[in-house]
$ cat query15.csv   # CSV, C-alpha atoms
chain,number,residue,atom,x,y,z
A,1,MET,CA,66.4,115.0,100.4
A,2,LYS,CA,68.0,111.6,100.5
A,3,THR,CA,70.0,112.4,97.4
A,4,LEU,CA,71.3,115.6,98.9
A,5,PHE,CA,72.2,113.9,102.1
A,6,SER,CA,74.0,111.1,100.2
A,7,ALA,CA,75.9,113.6,98.1
A,8,ILE,CA,77.1,115.5,101.2
A,9,LEU,CA,78.1,112.3,102.9
A,10,MET,CA,80.1,111.2,99.9
A,11,VAL,CA,81.9,114.6,99.7
A,12,VAL,CA,82.8,114.4,103.4
A,13,PHE,CA,84.0,110.9,103.0
A,14,ALA,CA,86.1,111.7,99.9
A,15,VAL,CA,87.7,114.7,101.7
A,16,GLY,CA,88.5,112.5,104.7
A,17,ILE,CA,90.2,109.9,102.4
A,18,GLN,CA,92.1,112.6,100.5
A,19,ALA,CA,93.2,114.3,103.8
A,20,GLN,CA,95.2,111.2,104.8
A,21,GLY,CA,96.6,110.6,101.3
A,22,ARG,CA,100.3,111.4,101.8
A,23,LEU,CA,100.5,109.8,105.2
A,24,GLU,CA,98.7,106.6,104.1
A,25,THR,CA,100.9,106.4,101.0
A,26,ALA,CA,104.0,107.0,103.2
A,27,ARG,CA,102.9,104.3,105.6
A,28,ARG,CA,102.4,101.8,102.8
A,29,THR,CA,105.8,102.6,101.3
A,30,ALA,CA,107.5,102.5,104.7
A,31,SER,CA,105.9,99.1,105.4
A,32,GLU,CA,106.9,97.7,102.0
A,33,ASN,CA,110.5,99.0,102.2
A,34,LYS,CA,110.9,98.5,106.0
A,35,ALA,CA,111.6,102.2,106.1
A,36,LEU,CA,110.7,105.0,108.5
A,37,ILE,CA,108.6,108.2,107.9
A,38,LEU,CA,110.1,111.6,108.5
A,39,LEU,CA,107.3,114.2,108.8
A,40,ASN,CA,108.4,117.9,108.9
A,41,PHE,CA,106.2,120.8,109.8
A,42,SER,CA,107.4,124.0,108.3
A,43,GLY,CA,106.5,127.6,107.4
A,44,SER,CA,108.4,127.7,104.1
A,45,ASP,CA,108.0,131.4,103.5
A,46,TRP,CA,108.0,133.0,107.0
A,47,CYS,CA,109.9,130.7,109.4
A,48,ILE,CA,113.6,131.4,109.3
A,49,PRO,CA,114.6,128.2,111.2
A,50,CYS,CA,112.4,126.2,108.8
A,51,ILE,CA,114.1,127.8,105.8
A,52,ARG,CA,117.5,127.0,107.2
A,53,LEU,CA,116.4,123.4,108.0
A,54,HIS,CA,115.4,122.8,104.4
A,55,LYS,CA,118.4,124.6,102.9
A,56,ASN,CA,121.0,123.0,105.2
A,57,ILE,CA,119.6,119.5,105.9
A,58,ILE,CA,116.6,118.5,103.7
A,59,GLU,CA,118.1,119.7,100.4
A,60,ASN,CA,121.5,118.2,101.3
A,61,ASP,CA,122.8,115.1,99.4
A,62,GLU,CA,123.5,113.3,102.6
A,63,PHE,CA,119.9,113.6,103.6
A,64,ARG,CA,118.6,112.8,100.2
A,65,LYS,CA,120.4,109.4,100.4
A,66,LEU,CA,118.0,108.5,103.2
A,67,GLU,CA,115.2,108.6,100.7
A,68,THR,CA,117.0,106.9,97.8
A,69,GLU,CA,118.2,104.1,100.0
A,70,ASN,CA,114.7,103.6,101.4
A,71,ILE,CA,115.7,104.5,104.9
A,72,ILE,CA,112.9,107.1,105.1
A,73,THR,CA,109.8,108.3,103.3
A,74,TYR,CA,109.7,112.1,103.6
A,75,ILE,CA,106.6,114.3,104.1
A,76,ASN,CA,106.6,118.0,104.4
A,77,ALA,CA,103.6,119.6,106.0
A,78,ASP,CA,104.0,123.2,105.0
A,79,PHE,CA,102.1,126.2,106.3
A,80,PRO,CA,103.0,129.1,104.0
A,81,ARG,CA,101.6,132.6,104.7
A,82,ASN,CA,102.3,134.5,101.5
A,83,LYS,CA,99.3,134.5,99.1
A,84,LYS,CA,101.5,133.5,96.2
A,85,ASN,CA,102.7,130.4,98.0
A,86,GLN,CA,99.3,129.1,99.2
A,87,LEU,CA,98.6,125.4,98.9
A,88,SER,CA,95.5,123.7,97.5
A,89,GLN,CA,92.5,123.4,99.9
A,90,GLU,CA,93.0,119.6,100.0
A,91,LEU,CA,96.7,120.0,100.9
A,92,LYS,CA,95.9,122.6,103.5
A,93,LYS,CA,93.3,120.3,105.1
A,94,GLU,CA,95.7,117.3,105.0
A,95,ASN,CA,98.5,119.4,106.6
A,96,SER,CA,96.0,120.6,109.3
A,97,ILE,CA,95.0,117.0,110.1
A,98,LEU,CA,98.7,116.0,110.3
A,99,ALA,CA,99.3,118.9,112.6
A,100,ASP,CA,96.4,118.0,114.8
A,101,GLN,CA,97.7,114.5,115.1
A,102,TYR,CA,101.5,115.0,115.4
A,103,ASN,CA,102.1,118.7,116.1
A,104,PRO,CA,99.2,119.9,118.4
A,105,LYS,CA,101.4,122.7,119.9
A,106,GLY,CA,102.0,124.2,116.5
A,107,MET,CA,105.8,124.4,116.7
A,108,PHE,CA,107.8,125.4,113.6
A,109,PRO,CA,110.0,123.7,112.6
A,110,TYR,CA,108.9,120.5,114.1
A,111,THR,CA,110.1,117.1,112.8
A,112,VAL,CA,108.9,113.7,113.8
A,113,LEU,CA,110.3,110.3,112.9
A,114,LEU,CA,107.6,107.7,112.7
A,115,ASP,CA,107.5,104.0,112.1
A,116,ALA,CA,105.2,102.5,109.4
A,117,ASP,CA,102.3,102.3,111.9
A,118,GLY,CA,102.6,106.1,112.6
A,119,LYS,CA,104.1,105.7,116.1
A,120,ILE,CA,106.5,108.5,117.0
A,121,LEU,CA,110.1,107.2,117.5
A,122,LYS,CA,111.8,110.6,117.8
A,123,SER,CA,111.0,114.3,117.5
A,124,TRP,CA,113.0,117.4,117.0
A,125,GLU,CA,111.7,120.8,118.2
A,126,GLY,CA,113.1,123.7,116.2
A,127,LEU,CA,116.2,123.6,114.0
A,128,PRO,CA,118.3,120.5,114.7
A,129,THR,CA,121.7,121.4,116.1
A,130,GLU,CA,123.3,118.7,113.9
A,131,ASP,CA,124.5,119.2,110.3
A,132,ALA,CA,123.0,117.1,107.5
A,133,ALA,CA,125.5,114.3,107.9
A,134,ALA,CA,125.0,114.0,111.7
A,135,PHE,CA,121.2,114.3,111.4
A,136,SER,CA,121.2,111.5,108.7
A,137,ARG,CA,123.5,109.3,110.9
A,138,GLU,CA,121.1,109.7,113.8
A,139,ILE,CA,118.1,108.6,111.6
A,140,ARG,CA,120.1,105.6,110.3
A,141,ALA,CA,121.1,104.6,113.8
A,142,ILE,CA,117.4,104.6,114.9
A,143,LYS,CA,116.4,102.5,111.9
A,144,ASP,CA,119.3,100.1,112.4
A,145,SER,CA,118.3,99.7,116.1
A,146,ARG,CA,114.9,98.5,115.0
A,147,LYS,CA,116.1,95.7,112.8
A,148,PRO,CA,114.8,92.2,113.9
$ encode --input "query15.csv" --output "structure tokens"
Amino acid sequence: MKTLFSAILMVVFAVGIQAQGRLETARRTASENKALILLNFSGSDWCIPCIRLHKNIIENDEFRKLETENIITYINADFPRNKKNQLSQELKKENSILADQYNPKGMFPYTVLLDADGKILKSWEGLPTEDAAAFSREIRAIKDSRKP
């Protein structure tokens, strides 16, 4: 009985650690690089504004520079509906935990800019009205305003 209980406890603990994997990795990276974390909640195969956000902003070179220049660490918490696009159980659980913490209203798309400690600095509900260049400038301005 003790062995069964120990095994169950280890599995629960392991899932809990895995569930925070991408966020913890992003927090470490952001801390090391003095960067911010951009967390985007999307429905990649059913949410038209989410699809537009990714096509017009996230996949744009101007936005990608934010990652290559260590301005941000990007995380996409995706919630696809089509069977062919389903995520692994671990990733679904992690996205659910992220949503519970940062998107309790379940908005899509919903984007939050976090500091390395996970504190929300700014959020965008729905599709941002800015183009990729303006969206990137806004993130840069927030990062620059935080310099010591």
$ residues_near_point --input "query15.csv" --point "(100.4, 108.4, 110.8)" --cutoff "12 Å" --atoms "only C-alpha atoms" --output "number ranges by chain"
A: 19-28, 30, 36-39, 75, 94-95, 97-103, 112-121
$ atom_distance --input "query15.csv" --atom1 "CA of Phe79 (chain A)" --atom2 "CA of Ala132 (chain A)"
22.8 Å
$ closest_residue --input "query15.csv" --among "A:Thr29, A:Lys84, A:Asn40, A:Ala141" --to "Trp124 (chain A)" --atoms "only C-alpha atoms"
A:Asn40
$ closest_residue --input "query15.csv" --among "A:Ala35, A:Leu66, A:Leu53, A:Cys47" --to "Lys143 (chain A)" --atoms "all atoms listed in the file"
A:Ala35
$ atom_distance --input "query15.csv" --atom1 "CA of Phe41 (chain A)" --atom2 "CA of Thr111 (chain A)"
6.2 Å
$ residues_near_point --input "query15.csv" --point "(119.4, 115.7, 105.2)" --cutoff "7 Å" --atoms "all atoms listed in the file" --output "ChimeraX atom specification"
/A:57-64,132-133,135-136
$ write_last_selection --input "query15.csv" --atoms "C-alpha atoms" --output "PDB file, in the coordinates of the input"
ATOM      1  CA  ILE A  57     119.600 119.500 105.900  1.00  0.00           C
ATOM      2  CA  ILE A  58     116.600 118.500 103.700  1.00  0.00           C
ATOM      3  CA  GLU A  59     118.100 119.700 100.400  1.00  0.00           C
ATOM      4  CA  ASN A  60     121.500 118.200 101.300  1.00  0.00           C
ATOM      5  CA  ASP A  61     122.800 115.100  99.400  1.00  0.00           C
ATOM      6  CA  GLU A  62     123.500 113.300 102.600  1.00  0.00           C
ATOM      7  CA  PHE A  63     119.900 113.600 103.600  1.00  0.00           C
ATOM      8  CA  ARG A  64     118.600 112.800 100.200  1.00  0.00           C
ATOM      9  CA  ALA A 132     123.000 117.100 107.500  1.00  0.00           C
ATOM     10  CA  ALA A 133     125.500 114.300 107.900  1.00  0.00           C
ATOM     11  CA  PHE A 135     121.200 114.300 111.400  1.00  0.00           C
ATOM     12  CA  SER A 136     121.200 111.500 108.700  1.00  0.00           C
TER      13      SER A 136
END
$ atom_distance --input "query15.csv" --atom1 "CA of Asn56 (chain A)" --atom2 "CA of Gln86 (chain A)"
23.3 Å
$ closest_atom_pairs --input "query15.csv" --of "region 1-116 of chain A" --to "region 126-129 of chain A" --cutoff "7 Å" --atoms "only C-alpha atoms" --output "CSV"
residue,atom,partner,partner_atom,distance
A:Pro49,CA,A:Leu127,CA,5.6
A:Cys50,CA,A:Leu127,CA,6.9
A:Leu53,CA,A:Leu127,CA,6.0
A:Phe108,CA,A:Gly126,CA,6.1
A:Pro109,CA,A:Gly126,CA,4.8
A:Tyr110,CA,A:Gly126,CA,5.7
$ closest_residue --input "query15.csv" --among "A:Leu87, A:Lys93, A:Lys65, A:Pro104" --to "Arg137 (chain A)" --atoms "all atoms listed in the file"
A:Lys65
$ closest_residue --input "query15.csv" --among "A:Trp46, A:Ser123, A:Ser145, A:Glu67" --to "Lys83 (chain A)" --atoms "all atoms listed in the file"
A:Trp46
$ closest_residue --input "query15.csv" --among "A:Asn82, A:Ser42, A:Asn70, A:Asn33" --to "Ser96 (chain A)" --atoms "all atoms listed in the file"
A:Ser42
$ closest_residue --input "query15.csv" --among "A:Ser31, A:Ile71, A:Ser44, A:Asn85" --to "Arg140 (chain A)" --atoms "all atoms listed in the file"
A:Ile71
$ decode --input "query15.csv" --residues "region 100-130 of chain A" --atoms "N, CA, C and O atoms" --output "compact mmCIF listing (two decimals), in the first residue's frame"
# COMPACT_ATOMS: atom_id res chain seq x y z
N ASP A 100 -5.51 29.16 -16.05
CA ASP A 100 -6.06 29.39 -14.71
C ASP A 100 -5.37 30.56 -14.03
O ASP A 100 -6.01 31.36 -13.34
N GLN A 101 -4.08 30.67 -14.25
CA GLN A 101 -3.30 31.71 -13.58
C GLN A 101 -3.40 33.07 -14.28
O GLN A 101 -3.53 34.10 -13.62
N TYR A 102 -3.36 33.09 -15.63
CA TYR A 102 -3.25 34.35 -16.35
C TYR A 102 -4.44 34.69 -17.25
O TYR A 102 -4.53 35.82 -17.74
N ASN A 103 -5.34 33.74 -17.48
CA ASN A 103 -6.48 34.00 -18.36
C ASN A 103 -7.74 33.33 -17.80
O ASN A 103 -8.37 32.52 -18.46
N PRO A 104 -8.14 33.68 -16.57
CA PRO A 104 -9.27 33.00 -15.95
C PRO A 104 -10.61 33.25 -16.66
O PRO A 104 -11.53 32.46 -16.51
N LYS A 105 -10.71 34.32 -17.43
CA LYS A 105 -11.95 34.60 -18.15
C LYS A 105 -12.04 33.81 -19.46
O LYS A 105 -13.08 33.81 -20.10
N GLY A 106 -10.96 33.18 -19.86
CA GLY A 106 -10.96 32.37 -21.08
C GLY A 106 -11.10 33.16 -22.36
O GLY A 106 -11.77 32.73 -23.30
N MET A 107 -10.46 34.31 -22.44
CA MET A 107 -10.53 35.15 -23.63
C MET A 107 -9.56 34.66 -24.70
O MET A 107 -8.46 34.19 -24.37
N PHE A 108 -9.95 34.82 -25.95
CA PHE A 108 -9.09 34.44 -27.09
C PHE A 108 -9.22 35.49 -28.18
O PHE A 108 -10.35 35.86 -28.52
N PRO A 109 -8.14 35.96 -28.75
CA PRO A 109 -6.80 35.84 -28.19
C PRO A 109 -6.67 36.73 -26.96
O PRO A 109 -7.38 37.71 -26.81
N TYR A 110 -5.76 36.36 -26.14
CA TYR A 110 -5.43 37.13 -24.95
C TYR A 110 -3.93 37.05 -24.78
O TYR A 110 -3.36 35.96 -24.79
N THR A 111 -3.29 38.20 -24.65
CA THR A 111 -1.84 38.26 -24.59
C THR A 111 -1.43 39.05 -23.35
O THR A 111 -1.99 40.10 -23.08
N VAL A 112 -0.48 38.50 -22.60
CA VAL A 112 0.02 39.19 -21.42
C VAL A 112 1.54 39.32 -21.49
O VAL A 112 2.23 38.41 -21.93
N LEU A 113 2.00 40.47 -21.07
CA LEU A 113 3.43 40.72 -20.97
C LEU A 113 3.80 40.64 -19.50
O LEU A 113 3.22 41.33 -18.66
N LEU A 114 4.74 39.75 -19.20
CA LEU A 114 5.13 39.48 -17.82
C LEU A 114 6.58 39.86 -17.58
O LEU A 114 7.40 39.80 -18.51
N ASP A 115 6.90 40.16 -16.34
CA ASP A 115 8.31 40.29 -15.99
C ASP A 115 8.84 38.90 -15.64
O ASP A 115 8.10 37.91 -15.68
N ALA A 116 10.10 38.81 -15.31
CA ALA A 116 10.73 37.51 -15.03
C ALA A 116 10.14 36.83 -13.79
O ALA A 116 10.28 35.62 -13.64
N ASP A 117 9.47 37.58 -12.94
CA ASP A 117 8.83 37.01 -11.75
C ASP A 117 7.40 36.55 -12.02
O ASP A 117 6.74 36.04 -11.13
N GLY A 118 6.91 36.79 -13.24
CA GLY A 118 5.55 36.39 -13.59
C GLY A 118 4.50 37.45 -13.31
O GLY A 118 3.31 37.19 -13.42
N LYS A 119 4.92 38.66 -12.97
CA LYS A 119 4.00 39.76 -12.71
C LYS A 119 3.52 40.35 -14.05
O LYS A 119 4.33 40.61 -14.95
N ILE A 120 2.21 40.57 -14.17
CA ILE A 120 1.65 41.12 -15.40
C ILE A 120 1.99 42.61 -15.50
O ILE A 120 1.68 43.39 -14.60
N LEU A 121 2.61 42.98 -16.62
CA LEU A 121 2.96 44.38 -16.88
C LEU A 121 1.94 45.03 -17.81
O LEU A 121 1.68 46.22 -17.71
N LYS A 122 1.39 44.24 -18.73
CA LYS A 122 0.42 44.75 -19.71
C LYS A 122 -0.34 43.56 -20.26
O LYS A 122 0.19 42.45 -20.33
N SER A 123 -1.58 43.80 -20.66
CA SER A 123 -2.36 42.74 -21.31
C SER A 123 -3.12 43.31 -22.49
O SER A 123 -3.44 44.51 -22.52
N TRP A 124 -3.37 42.46 -23.46
CA TRP A 124 -4.13 42.82 -24.65
C TRP A 124 -5.28 41.83 -24.77
O TRP A 124 -5.06 40.62 -24.88
N GLU A 125 -6.50 42.33 -24.76
CA GLU A 125 -7.68 41.49 -24.96
C GLU A 125 -8.04 41.54 -26.44
O GLU A 125 -8.18 42.62 -27.01
N GLY A 126 -8.17 40.38 -27.06
CA GLY A 126 -8.51 40.34 -28.47
C GLY A 126 -7.31 40.64 -29.35
O GLY A 126 -6.17 40.66 -28.91
N LEU A 127 -7.60 40.90 -30.60
CA LEU A 127 -6.57 41.20 -31.59
C LEU A 127 -6.06 42.62 -31.38
O LEU A 127 -6.86 43.57 -31.40
N PRO A 128 -4.76 42.80 -31.15
CA PRO A 128 -4.24 44.16 -30.98
C PRO A 128 -4.53 45.02 -32.22
O PRO A 128 -4.50 44.51 -33.35
N THR A 129 -4.82 46.29 -32.00
CA THR A 129 -5.13 47.18 -33.12
C THR A 129 -3.87 47.62 -33.85
O THR A 129 -3.95 48.07 -34.99
N GLU A 130 -2.72 47.47 -33.23
CA GLU A 130 -1.47 47.87 -33.85
C GLU A 130 -1.01 46.84 -34.88
O GLU A 130 -1.38 45.68 -34.82
